[in-house]
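Structure file final_1.cif (mmCIF, C-alpha atoms) follows.
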data_entry
loop_
_atom_site.label_atom_id
_atom_site.label_comp_id
_atom_site.auth_asym_id
_atom_site.auth_seq_id
_atom_site.Cartn_x
_atom_site.Cartn_y
_atom_site.Cartn_z
CA MET O 1 126.75 51.00 44.79
CA GLN O 2 127.85 50.28 48.35
CA VAL O 3 126.16 47.46 50.27
CA LYS O 4 127.01 46.96 53.94
CA CYS O 5 126.85 43.60 55.67
CA ASN O 6 124.36 44.94 58.19
CA VAL O 7 122.47 48.22 58.61
CA LEU O 8 120.72 48.77 61.95
CA ASP O 9 119.21 52.22 61.66
CA ARG O 10 116.69 51.30 58.95
CA GLN O 11 114.83 49.05 61.35
CA PHE O 12 114.91 51.81 63.96
CA GLU O 13 113.42 54.29 61.49
CA MET O 14 110.54 51.89 60.74
CA TYR O 15 109.36 52.05 64.36
CA ARG O 16 111.05 55.27 65.49
CA GLN O 17 108.00 56.70 67.27
CA GLU O 18 107.37 53.51 69.25
CA TYR O 19 111.01 53.25 70.33
CA GLU O 20 111.22 56.88 71.35
CA GLU O 21 107.99 56.68 73.33
CA ALA O 22 109.24 53.56 75.13
CA ALA O 23 112.59 55.17 75.95
CA LEU O 24 110.97 58.34 77.28
CA ARG O 25 108.54 56.27 79.35
CA VAL O 26 111.48 54.66 81.12
CA LEU O 27 113.48 57.85 81.51
CA ARG O 28 110.50 59.63 83.04
CA SER O 29 109.66 56.73 85.36
CA GLY O 30 112.62 57.23 87.69
CA TRP O 31 113.12 53.43 87.91
CA TYR O 32 115.91 51.99 85.75
CA VAL O 33 116.85 48.48 86.99
CA LEU O 34 114.59 45.42 87.59
CA GLY O 35 111.31 47.25 87.35
CA LYS O 36 108.00 46.90 85.53
CA GLU O 37 109.48 46.96 82.03
CA VAL O 38 111.74 43.97 82.77
CA ALA O 39 108.90 42.06 84.42
CA GLN O 40 106.57 42.70 81.48
CA PHE O 41 109.18 41.80 78.89
CA GLU O 42 109.91 38.58 80.76
CA GLN O 43 106.22 37.65 80.67
CA GLU O 44 105.87 38.55 77.00
CA PHE O 45 109.03 36.77 75.84
CA ALA O 46 108.22 33.65 77.86
CA ALA O 47 104.82 33.55 76.16
CA TYR O 48 106.40 34.11 72.74
CA THR O 49 108.79 31.17 73.16
CA GLY O 50 106.14 28.95 74.74
CA ARG O 51 107.88 28.69 78.09
CA LYS O 52 106.67 29.38 81.61
CA TYR O 53 109.53 31.57 82.82
CA CYS O 54 111.94 34.13 81.43
CA VAL O 55 114.76 35.81 83.34
CA GLY O 56 116.26 38.93 81.76
CA LEU O 57 120.05 39.21 81.93
CA ASN O 58 122.92 41.42 80.85
CA SER O 59 123.96 39.29 77.85
CA GLY O 60 123.63 36.01 76.02
CA LEU O 61 127.03 34.95 77.31
CA ASP O 62 125.85 35.41 80.88
CA ALA O 63 122.81 33.30 80.03
CA LEU O 64 125.11 30.47 78.94
CA ILE O 65 127.50 30.76 81.89
CA MET O 66 124.68 30.91 84.41
CA SER O 67 122.73 28.04 82.85
CA VAL O 68 125.75 25.74 83.06
CA ARG O 69 126.42 26.89 86.62
CA ALA O 70 122.80 26.44 87.70
CA LEU O 71 123.07 22.77 86.74
CA GLY O 72 126.01 22.38 89.13
CA ILE O 73 128.47 21.74 86.31
CA GLY O 74 132.11 22.48 87.10
CA ALA O 75 135.66 21.15 87.16
CA GLY O 76 135.94 17.55 86.00
CA ASP O 77 132.64 17.67 84.12
CA GLU O 78 132.17 17.57 80.36
CA VAL O 79 129.68 19.35 78.12
CA ILE O 80 129.12 18.28 74.51
CA VAL O 81 129.13 21.19 72.05
CA GLN O 82 129.46 21.57 68.29
CA ALA O 83 132.92 22.45 67.06
CA ASN O 84 131.92 25.22 64.63
CA THR O 85 129.97 27.37 67.07
CA TYR O 86 130.86 30.90 68.15
CA ILE O 87 133.41 31.13 70.96
CA ALA O 88 130.79 32.43 73.43
CA THR O 89 129.09 29.02 73.49
CA VAL O 90 132.32 27.41 74.62
CA ILE O 91 133.09 30.17 77.13
CA GLY O 92 129.79 29.31 78.80
CA ILE O 93 131.36 25.93 79.58
CA THR O 94 134.94 26.86 80.38
CA GLU O 95 134.02 29.80 82.64
CA ASN O 96 132.62 27.17 84.98
CA GLY O 97 135.79 25.07 84.87
CA ALA O 98 134.14 22.33 82.80
CA THR O 99 135.60 20.78 79.65
CA PRO O 100 134.03 21.21 76.19
CA VAL O 101 133.77 18.01 74.15
CA PHE O 102 133.53 19.03 70.51
CA ILE O 103 131.60 17.21 67.81
CA GLU O 104 131.35 17.98 64.11
CA PRO O 105 128.45 19.86 62.51
CA ASP O 106 126.07 18.46 59.92
CA GLU O 107 125.43 19.85 56.42
CA TYR O 108 123.10 22.47 57.92
CA PHE O 109 125.94 23.93 60.07
CA ASN O 110 124.31 22.62 63.26
CA MET O 111 125.21 19.84 65.69
CA ASP O 112 125.36 16.43 64.01
CA ALA O 113 123.06 14.34 66.19
CA GLN O 114 124.56 11.14 64.79
CA ARG O 115 127.85 11.94 66.54
CA ILE O 116 126.49 12.64 70.02
CA GLU O 117 126.40 9.09 71.40
CA ALA O 118 130.09 8.52 70.67
CA ALA O 119 130.98 11.69 72.59
CA ILE O 120 129.11 10.77 75.77
CA SER O 121 131.17 9.63 78.74
CA ASP O 122 130.48 9.12 82.44
CA ARG O 123 131.56 12.75 82.91
CA THR O 124 129.02 14.19 80.45
CA LYS O 125 126.73 16.58 82.33
CA ALA O 126 124.99 18.46 79.50
CA ILE O 127 124.56 18.82 75.75
CA LEU O 128 124.85 22.44 74.63
CA VAL O 129 123.14 22.93 71.26
CA THR O 130 123.61 26.02 69.09
CA HIS O 131 120.95 26.95 66.54
CA LEU O 132 123.58 28.48 64.29
CA TYR O 133 122.88 31.23 61.74
CA GLY O 134 119.17 31.19 62.62
CA GLN O 135 118.26 27.61 61.69
CA ALA O 136 116.76 25.30 64.30
CA SER O 137 118.92 22.27 65.09
CA ASN O 138 117.78 18.66 64.77
CA MET O 139 116.01 18.74 68.12
CA GLY O 140 113.96 15.59 67.59
CA GLU O 141 117.02 13.34 67.54
CA ILE O 142 119.03 15.42 70.01
CA THR O 143 116.34 15.42 72.71
CA ALA O 144 115.65 11.72 72.15
CA ILE O 145 119.30 10.92 72.89
CA ALA O 146 119.39 13.30 75.85
CA ASP O 147 116.21 11.87 77.36
CA ARG O 148 117.38 8.29 76.88
CA ARG O 149 120.71 9.03 78.56
CA GLY O 150 119.34 11.37 81.24
CA ILE O 151 121.45 14.32 80.11
CA PRO O 152 120.09 17.89 80.30
CA VAL O 153 120.04 20.03 77.16
CA ILE O 154 120.98 23.71 77.10
CA GLU O 155 120.07 25.64 73.95
CA ASP O 156 122.15 28.52 72.63
CA CYS O 157 119.44 30.52 70.86
CA ALA O 158 121.51 33.67 70.34
CA GLN O 159 120.81 33.56 66.59
CA SER O 160 117.40 31.84 66.42
CA HIS O 161 114.73 34.15 67.88
CA GLY O 162 111.51 32.73 66.45
CA ALA O 163 112.92 29.72 64.58
CA CYS O 164 111.08 26.42 65.08
CA PHE O 165 111.69 22.69 64.84
CA GLY O 166 108.57 20.61 64.29
CA GLY O 167 106.48 23.68 65.05
CA LYS O 168 108.09 24.16 68.46
CA MET O 169 110.21 27.25 69.02
CA THR O 170 113.92 27.09 69.75
CA GLY O 171 114.55 27.62 73.43
CA ALA O 172 111.58 25.44 74.34
CA PHE O 173 113.31 22.04 74.14
CA GLY O 174 116.00 22.02 76.85
CA ILE O 175 115.96 22.92 80.49
CA SER O 176 117.33 26.29 79.41
CA GLY O 177 117.05 28.43 76.30
CA CYS O 178 119.79 31.09 76.25
CA PHE O 179 119.16 34.23 74.21
CA SER O 180 121.34 37.15 73.24
CA PHE O 181 119.73 40.45 72.34
CA TYR O 182 122.91 42.02 70.98
CA PRO O 183 121.90 44.80 68.54
CA THR O 184 122.58 42.77 65.39
CA LYS O 185 120.30 39.90 66.44
CA ASN O 186 116.85 39.48 64.90
CA LEU O 187 115.46 40.50 68.29
CA GLY O 188 118.18 42.99 69.06
CA ALA O 189 118.34 45.56 71.84
CA PHE O 190 120.13 48.91 71.63
CA GLY O 191 123.03 47.64 73.72
CA ASP O 192 123.91 44.40 75.46
CA ALA O 193 121.06 42.27 76.78
CA GLY O 194 120.12 38.60 77.16
CA ALA O 195 117.72 36.15 78.79
CA VAL O 196 117.12 32.58 79.91
CA VAL O 197 113.79 30.85 79.30
CA THR O 198 112.73 27.64 81.05
CA ASP O 199 109.77 25.63 82.31
CA ASP O 200 111.59 24.67 85.51
CA GLU O 201 110.53 26.97 88.35
CA ALA O 202 113.49 26.08 90.59
CA PHE O 203 115.94 26.62 87.72
CA ALA O 204 114.38 30.02 86.94
CA ASP O 205 114.57 30.97 90.61
CA THR O 206 118.27 30.07 90.72
CA ILE O 207 119.01 32.16 87.61
CA ARG O 208 116.96 35.02 89.06
CA MET O 209 119.01 34.97 92.27
CA MET O 210 122.27 34.51 90.42
CA ARG O 211 121.74 37.60 88.26
CA ASN O 212 121.36 39.81 91.35
CA TYR O 213 124.34 38.92 93.56
CA GLY O 214 122.72 35.66 94.63
CA SER O 215 119.84 37.28 96.48
CA ARG O 216 116.05 37.22 96.44
CA VAL O 217 115.91 39.98 99.02
CA ARG O 218 118.39 42.84 98.84
CA TYR O 219 121.48 42.32 101.01
CA TYR O 220 120.44 38.72 101.91
CA ASN O 221 122.65 36.61 99.66
CA GLU O 222 121.76 32.92 99.45
CA ILE O 223 124.21 31.83 96.75
CA GLU O 224 127.33 33.26 95.10
CA GLY O 225 125.90 35.35 92.31
CA LEU O 226 126.75 37.83 89.60
CA ASN O 227 125.64 41.27 88.51
CA SER O 228 123.78 40.45 85.30
CA ARG O 229 120.57 42.42 85.18
CA LEU O 230 118.58 43.40 82.10
CA ASP O 231 117.99 47.13 82.50
CA GLU O 232 114.62 48.85 82.15
CA LEU O 233 115.53 50.82 79.04
CA GLN O 234 116.62 47.77 77.05
CA ALA O 235 113.58 45.82 78.25
CA ALA O 236 111.23 48.57 77.07
CA LEU O 237 112.88 48.75 73.65
CA LEU O 238 112.84 44.95 73.34
CA ARG O 239 109.11 44.96 74.11
CA VAL O 240 108.59 47.19 71.08
CA LYS O 241 110.66 45.04 68.76
CA LEU O 242 109.07 41.82 70.02
CA THR O 243 105.69 42.99 68.71
CA HIS O 244 107.26 43.25 65.23
CA LEU O 245 109.57 40.23 65.37
CA ASP O 246 107.45 37.91 63.22
CA ALA O 247 107.27 40.55 60.49
CA LEU O 248 111.01 41.22 60.73
CA ASN O 249 111.74 37.50 60.45
CA ALA O 250 109.38 37.21 57.47
CA GLU O 251 111.35 39.95 55.72
CA ARG O 252 114.60 38.04 56.26
CA ARG O 253 113.04 34.87 54.90
CA ALA O 254 111.96 36.77 51.80
CA LEU O 255 115.48 38.14 51.36
CA ALA O 256 116.87 34.60 51.70
CA GLU O 257 114.43 33.31 49.09
CA ARG O 258 115.61 35.97 46.66
CA TYR O 259 119.21 34.93 47.24
CA ASP O 260 118.20 31.29 46.76
CA SER O 261 116.49 31.99 43.45
CA GLY O 262 118.93 34.61 42.17
CA ILE O 263 122.36 33.11 42.88
CA SER O 264 123.24 30.80 40.01
CA SER O 265 127.04 30.58 40.14
CA THR O 266 128.26 26.99 40.32
CA LYS O 267 131.07 28.22 42.60
CA ILE O 268 128.56 28.96 45.35
CA MET O 269 126.98 26.45 47.75
CA LYS O 270 123.80 28.01 49.11
CA PRO O 271 122.49 27.19 52.61
CA GLN O 272 120.00 24.37 52.95
CA VAL O 273 117.23 23.99 55.53
CA ARG O 274 116.53 20.66 57.21
CA LYS O 275 113.09 19.13 56.74
CA GLY O 276 111.05 19.83 59.85
CA ALA O 277 113.20 22.83 60.78
CA ASP O 278 113.03 26.42 59.71
CA SER O 279 115.37 29.39 59.73
CA ILE O 280 114.97 33.05 60.56
CA TYR O 281 118.21 33.76 58.62
CA HIS O 282 120.13 35.66 61.23
CA GLN O 283 122.86 35.14 58.64
CA TYR O 284 122.69 34.01 55.03
CA VAL O 285 125.80 31.85 54.86
CA ILE O 286 127.15 30.51 51.60
CA ARG O 287 130.17 28.29 51.01
CA CYS O 288 132.80 28.81 48.34
CA ARG O 289 136.05 26.92 47.86
CA GLU O 290 137.58 30.20 46.67
CA ARG O 291 136.12 32.08 49.64
CA ASP O 292 138.99 34.47 50.29
CA ALA O 293 139.16 35.49 46.64
CA LEU O 294 135.38 35.96 46.60
CA LEU O 295 135.54 38.10 49.74
CA ARG O 296 138.21 40.34 48.19
CA TYR O 297 136.30 40.57 44.90
CA LEU O 298 133.09 41.61 46.64
CA ALA O 299 134.98 44.16 48.76
CA GLU O 300 136.45 45.64 45.58
CA ASN O 301 132.87 46.07 44.41
CA ASP O 302 131.84 47.81 47.66
CA ILE O 303 129.97 44.79 49.03
CA GLN O 304 130.74 44.10 52.67
CA THR O 305 130.69 40.50 53.91
CA GLN O 306 131.76 38.69 57.07
CA ILE O 307 133.12 35.28 58.00
CA HIS O 308 131.18 33.51 60.74
CA TYR O 309 133.66 32.16 61.89
CA PRO O 310 137.27 32.09 60.62
CA VAL O 311 138.83 30.31 63.63
CA PRO O 312 137.06 27.32 65.22
CA PRO O 313 137.14 27.30 69.04
CA HIS O 314 139.41 24.23 69.22
CA LEU O 315 142.06 26.22 67.30
CA ALA O 316 141.58 29.50 69.17
CA GLN O 317 144.65 30.80 70.95
CA CYS O 318 142.73 31.05 74.23
CA TYR O 319 142.04 27.30 74.16
CA ARG O 320 145.49 26.04 73.28
CA HIS O 321 145.64 24.42 76.71
CA LEU O 322 142.86 22.04 75.62
CA GLY O 323 145.29 20.48 73.14
CA GLY O 324 143.31 21.00 69.94
CA LYS O 325 145.19 20.91 66.66
CA ALA O 326 144.52 21.31 62.97
CA GLY O 327 142.87 18.23 61.53
CA ASP O 328 140.96 17.29 64.68
CA TYR O 329 137.62 18.39 63.19
CA PRO O 330 137.97 18.45 59.40
CA ILE O 331 134.36 19.37 58.61
CA THR O 332 134.49 22.29 61.02
CA GLU O 333 137.82 23.43 59.62
CA GLN O 334 136.54 23.15 56.05
CA TYR O 335 133.55 25.32 56.94
CA ALA O 336 135.88 27.89 58.54
CA ASP O 337 137.78 28.07 55.23
CA GLU O 338 134.67 28.26 53.03
CA VAL O 339 131.81 30.09 54.76
CA LEU O 340 130.86 33.67 53.94
CA SER O 341 127.91 35.67 55.26
CA LEU O 342 126.21 37.85 52.66
CA PRO O 343 124.47 41.14 53.47
CA ILE O 344 121.02 40.60 54.95
CA TYR O 345 119.17 43.10 57.12
CA THR O 346 115.85 44.78 57.73
CA GLY O 347 115.19 47.37 55.06
CA MET O 348 117.59 45.92 52.48
CA THR O 349 116.37 47.16 49.12
CA ALA O 350 115.69 45.07 46.04
CA GLU O 351 118.33 47.11 44.22
CA GLU O 352 120.97 46.39 46.85
CA GLN O 353 120.25 42.70 46.83
CA ALA O 354 120.15 42.53 43.03
CA TYR O 355 123.59 44.17 42.94
CA VAL O 356 124.99 41.57 45.36
CA ILE O 357 123.51 38.72 43.33
CA GLU O 358 124.81 40.19 40.06
CA LYS O 359 128.36 40.47 41.37
CA ILE O 360 128.34 36.98 42.91
CA ASN O 361 127.16 35.43 39.65
CA ALA O 362 129.88 37.33 37.77
CA PHE O 363 132.65 36.04 40.06
#

How would this structure read if it were set down as structure tokens?
Amino acid sequence: MQVKCNVLDRQFEMYRQEYEEAALRVLRSGWYVLGKEVAQFEQEFAAYTGRKYCVGLNSGLDALIMSVRALGIGAGDEVIVQANTYIATVIGITENGATPVFIEPDEYFNMDAQRIEAAISDRTKAILVTHLYGQASNMGEITAIADRRGIPVIEDCAQSHGACFGGKMTGAFGISGCFSFYPTKNLGAFGDAGAVVTDDEAFADTIRMMRNYGSRVRYYNEIEGLNSRLDELQAALLRVKLTHLDALNAERRALAERYDSGISSTKIMKPQVRKGADSIYHQYVIRCRERDALLRYLAENDIQTQIHYPVPPHLAQCYRHLGGKAGDYPITEQYADEVLSLPIYTGMTAEEQAYVIEKINAF
């Protein structure tokens, strides 16, 4: 049996008619950029996350870059970020000329709130939190520190569409919730797409101008902007998937529960969920001290896995100028050597999952 790490077309087939009708509606409309579909998706996604405003963008990376920029953060400023996040989170900082200040993750793979205070300096202008692998971060402690110190929080929600902390959805804690709708995400488009959600009207207005060359009115440019517009076709398709997102997330939680109950090998450390938080299992990430051997063994048995992520940002070649070196963040580096993402996707069959569990337990 062959089991892929991710399979996207099964979810499409579940709602094929709805997607095709939405796509044809846009194609026949004659309006393809910043039209009714984008406006309606923005209203619907803002309501889903519990925020007042949503601004559709070209990608989750643009959402991060623009959120940092909208806060006036630039050269000489620092932004606190967890060391084991995906490189895009850090690019959101460095593209604005600011400096990332890394801190170690906790046992749930998310930012260790206990380490934030020690990382704050007089140059700290934001805390950028990633809800990694689909689990909500420890937002109670993080926002308490941020509020006490008067530091804005930006949330990287690229992997946490629908995850909650204390009953409140990710993206609803900071001044900005940054979402990616890359096709593999739980709320994935059929191409690149992203969004920012916020309760701050002025912040939303700035992001809205920034995405469209810095203008409210065409050809009247108030600020230096970008071209980062969510297109009508992706917005229409996202509107379809949003109506099914809770069911899709419930399916992933059920798959995760079966992994939790079925994997019995003492070589495997299964993911844990913090009390008060939940996960929508964008990834099901195990740890194994013999990770590379396990990866090869599973590949030999036609089971595809991925490493999220093999190189921490502080050791990435593109950030050598920041002076990071091996040993700077031992927990992060240990995770990079041990983590492995198992197959988990909409439409994964019981037989496929049982095969994965069988082979893992036989390792």

Could you list the residues chosen by the PyMOL selection byres ((chain O and resi 222) around 12) in this structure as number ranges by chain? O: 205-206, 208-210, 212-221, 223-225

Selection in question (the file shown): the PyMOL selection byres ((chain O and resi 338) around 10). Which residues does it include, as number ranges by chain? O: 268-269, 285-292, 307-310, 332-337, 339-340

Mind writing the picked residues with C-alpha atoms as a PDB file, keeping the file's coordinate frame?
ATOM      1  CA  ILE O 268     128.560  28.960  45.350  1.00  0.00           C
ATOM      2  CA  MET O 269     126.980  26.450  47.750  1.00  0.00           C
ATOM      3  CA  VAL O 285     125.800  31.850  54.860  1.00  0.00           C
ATOM      4  CA  ILE O 286     127.150  30.510  51.600  1.00  0.00           C
ATOM      5  CA  ARG O 287     130.170  28.290  51.010  1.00  0.00           C
ATOM      6  CA  CYS O 288     132.800  28.810  48.340  1.00  0.00           C
ATOM      7  CA  ARG O 289     136.050  26.920  47.860  1.00  0.00           C
ATOM      8  CA  GLU O 290     137.580  30.200  46.670  1.00  0.00           C
ATOM      9  CA  ARG O 291     136.120  32.080  49.640  1.00  0.00           C
ATOM     10  CA  ASP O 292     138.990  34.470  50.290  1.00  0.00           C
ATOM     11  CA  ILE O 307     133.120  35.280  58.000  1.00  0.00           C
ATOM     12  CA  HIS O 308     131.180  33.510  60.740  1.00  0.00           C
ATOM     13  CA  TYR O 309     133.660  32.160  61.890  1.00  0.00           C
ATOM     14  CA  PRO O 310     137.270  32.090  60.620  1.00  0.00           C
ATOM     15  CA  THR O 332     134.490  22.290  61.020  1.00  0.00           C
ATOM     16  CA  GLU O 333     137.820  23.430  59.620  1.00  0.00           C
ATOM     17  CA  GLN O 334     136.540  23.150  56.050  1.00  0.00           C
ATOM     18  CA  TYR O 335     133.550  25.320  56.940  1.00  0.00           C
ATOM     19  CA  ALA O 336     135.880  27.890  58.540  1.00  0.00           C
ATOM     20  CA  ASP O 337     137.780  28.070  55.230  1.00  0.00           C
ATOM     21  CA  VAL O 339     131.810  30.090  54.760  1.00  0.00           C
ATOM     22  CA  LEU O 340     130.860  33.670  53.940  1.00  0.00           C
TER      23      LEU O 340
END

Residue by residue, what does the PyMOL selection byres ((chain O and resi 70) around 7) grab here? Present the result as a compact mmCIF listing (two decimals) with C-alpha atoms, in the frame of the given file.
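Result saved to expr-v9.txt:
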# COMPACT_ATOMS: atom_id res chain seq x y z
CA MET O 66 124.68 30.91 84.41
CA SER O 67 122.73 28.04 82.85
CA VAL O 68 125.75 25.74 83.06
CA ARG O 69 126.42 26.89 86.62
CA LEU O 71 123.07 22.77 86.74
CA GLY O 72 126.01 22.38 89.13
CA PHE O 203 115.94 26.62 87.72
CA THR O 206 118.27 30.07 90.72
CA ILE O 207 119.01 32.16 87.61

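Residues in contact with segment 240-243 of chain O at up to 10 Å, not including ones fewer than 6 positions away on its chain and judged by only C-alpha atoms, are Gln11, Phe12, Tyr15, Glu18, Tyr19, Glu21, Ala22, Phe41, Glu44, Phe45, Tyr48, His161, Asn186, Leu187, Gly188 and Ala189 of chain O.
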
Name the residues, using the chain letters and numbers of the file, that sit within 7 Å of (129.1, 32.3, 80.9) when counting all atoms listed in the file, and give them as number ranges by chain. O: 61-66, 91-93, 95

Using all atoms listed in the file, which protein or nucleic acid residues come within 10 Å of Ile145 of chain O? Drop anything in the same chain fewer than 2 positions from it, and give the result as a VMD selection string. chain O and resid 113 to 114 116 to 117 127 139 to 143 147 to 151

6 Å contact set for Leu230 of chain O, only C-alpha atoms, chain neighbours under 6 positions out, as a list in words: Gly56, Leu57, Asn58 and Ala193 of chain O

Written file, previous selection with C-alpha atoms, as a compact mmCIF listing (two decimals), in the frame of the given file:
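selection-v9.txt written:
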# COMPACT_ATOMS: atom_id res chain seq x y z
CA GLY O 56 116.26 38.93 81.76
CA LEU O 57 120.05 39.21 81.93
CA ASN O 58 122.92 41.42 80.85
CA ALA O 193 121.06 42.27 76.78

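Separating atom CA of Thr184 of chain O from atom CA of Leu294 of chain O is a distance of 23.7 Å.
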
Looking at all atoms listed in the file, which of O:Arg10, O:Arg16, O:Ala247, O:Arg211 is the one that sits closest to Leu226 of chain O? O:Arg211

Quick one: residues within 10 Å of Ala39 of chain O, only C-alpha atoms, excluding same-chain residues fewer than 3 positions away - as a compact mmCIF listing (two decimals) with C-alpha atoms, in the frame of the given file?
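New file selection.txt:
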# COMPACT_ATOMS: atom_id res chain seq x y z
CA LEU O 34 114.59 45.42 87.59
CA GLY O 35 111.31 47.25 87.35
CA LYS O 36 108.00 46.90 85.53
CA GLU O 42 109.91 38.58 80.76
CA GLN O 43 106.22 37.65 80.67
CA GLU O 44 105.87 38.55 77.00
CA CYS O 54 111.94 34.13 81.43
CA VAL O 55 114.76 35.81 83.34
CA GLY O 56 116.26 38.93 81.76
CA GLU O 232 114.62 48.85 82.15
CA ALA O 235 113.58 45.82 78.25

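A straight line drawn from atom CA of Asp122 of chain O to atom CA of Gly60 of chain O is 28.5 Å long.
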
Could you give me the centre and size, in Å to one decimal, of an axis-aligned box around all listed atoms of segment 111-120 of chain O with 6 Å added on every side, as JSON?
{"center_x": 127.0, "center_y": 14.2, "center_z": 69.9, "size_x": 19.9, "size_y": 23.3, "size_z": 23.8}

Lys185 of chain O environment, 7 Å, all atoms listed in the file, sequence neighbours closer than 4 positions dropped, as number ranges by chain: O: 159, 181, 282

Rank nothing, just name the residue among O:Cys318, O:Leu27, O:Cys164, O:Ile73 nearest to Arg123 of chain O, using only C-alpha atoms.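 Selected residue with least distance to Arg123 of chain O: O:Ile73.
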
Please report the interatomic distance between atom CA of Leu248 of chain O and atom CA of Ala354 of chain O in Å with one decimal. 20.0 Å

Answer as a short mmCIF file (atom, residue, chain, number, x, y, z; two decimals) with C-alpha atoms, in the frame of the given file, residues within 12 Å of (114.8, 36.4, 42.4) using only C-alpha atoms:
data_model
loop_
_atom_site.label_atom_id
_atom_site.label_comp_id
_atom_site.auth_asym_id
_atom_site.auth_seq_id
_atom_site.Cartn_x
_atom_site.Cartn_y
_atom_site.Cartn_z
CA ALA O 254 111.96 36.77 51.80
CA LEU O 255 115.48 38.14 51.36
CA ALA O 256 116.87 34.60 51.70
CA GLU O 257 114.43 33.31 49.09
CA ARG O 258 115.61 35.97 46.66
CA TYR O 259 119.21 34.93 47.24
CA ASP O 260 118.20 31.29 46.76
CA SER O 261 116.49 31.99 43.45
CA GLY O 262 118.93 34.61 42.17
CA ILE O 263 122.36 33.11 42.88
CA SER O 264 123.24 30.80 40.01
CA ALA O 350 115.69 45.07 46.04
CA GLU O 351 118.33 47.11 44.22
CA GLN O 353 120.25 42.70 46.83
CA ALA O 354 120.15 42.53 43.03
CA TYR O 355 123.59 44.17 42.94
CA VAL O 356 124.99 41.57 45.36
CA ILE O 357 123.51 38.72 43.33
CA GLU O 358 124.81 40.19 40.06
#

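Across O:Ile103, O:Ile360, O:Ala204, O:Val7, the tightest approach to Gln82 of chain O is made by O:Ile103 when counting only C-alpha atoms.
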
Nearest to Val196 of chain O among O:Arg51, O:Lys168, O:Arg28, O:Lys125, with distances taken over only C-alpha atoms: which residue is it? O:Arg51
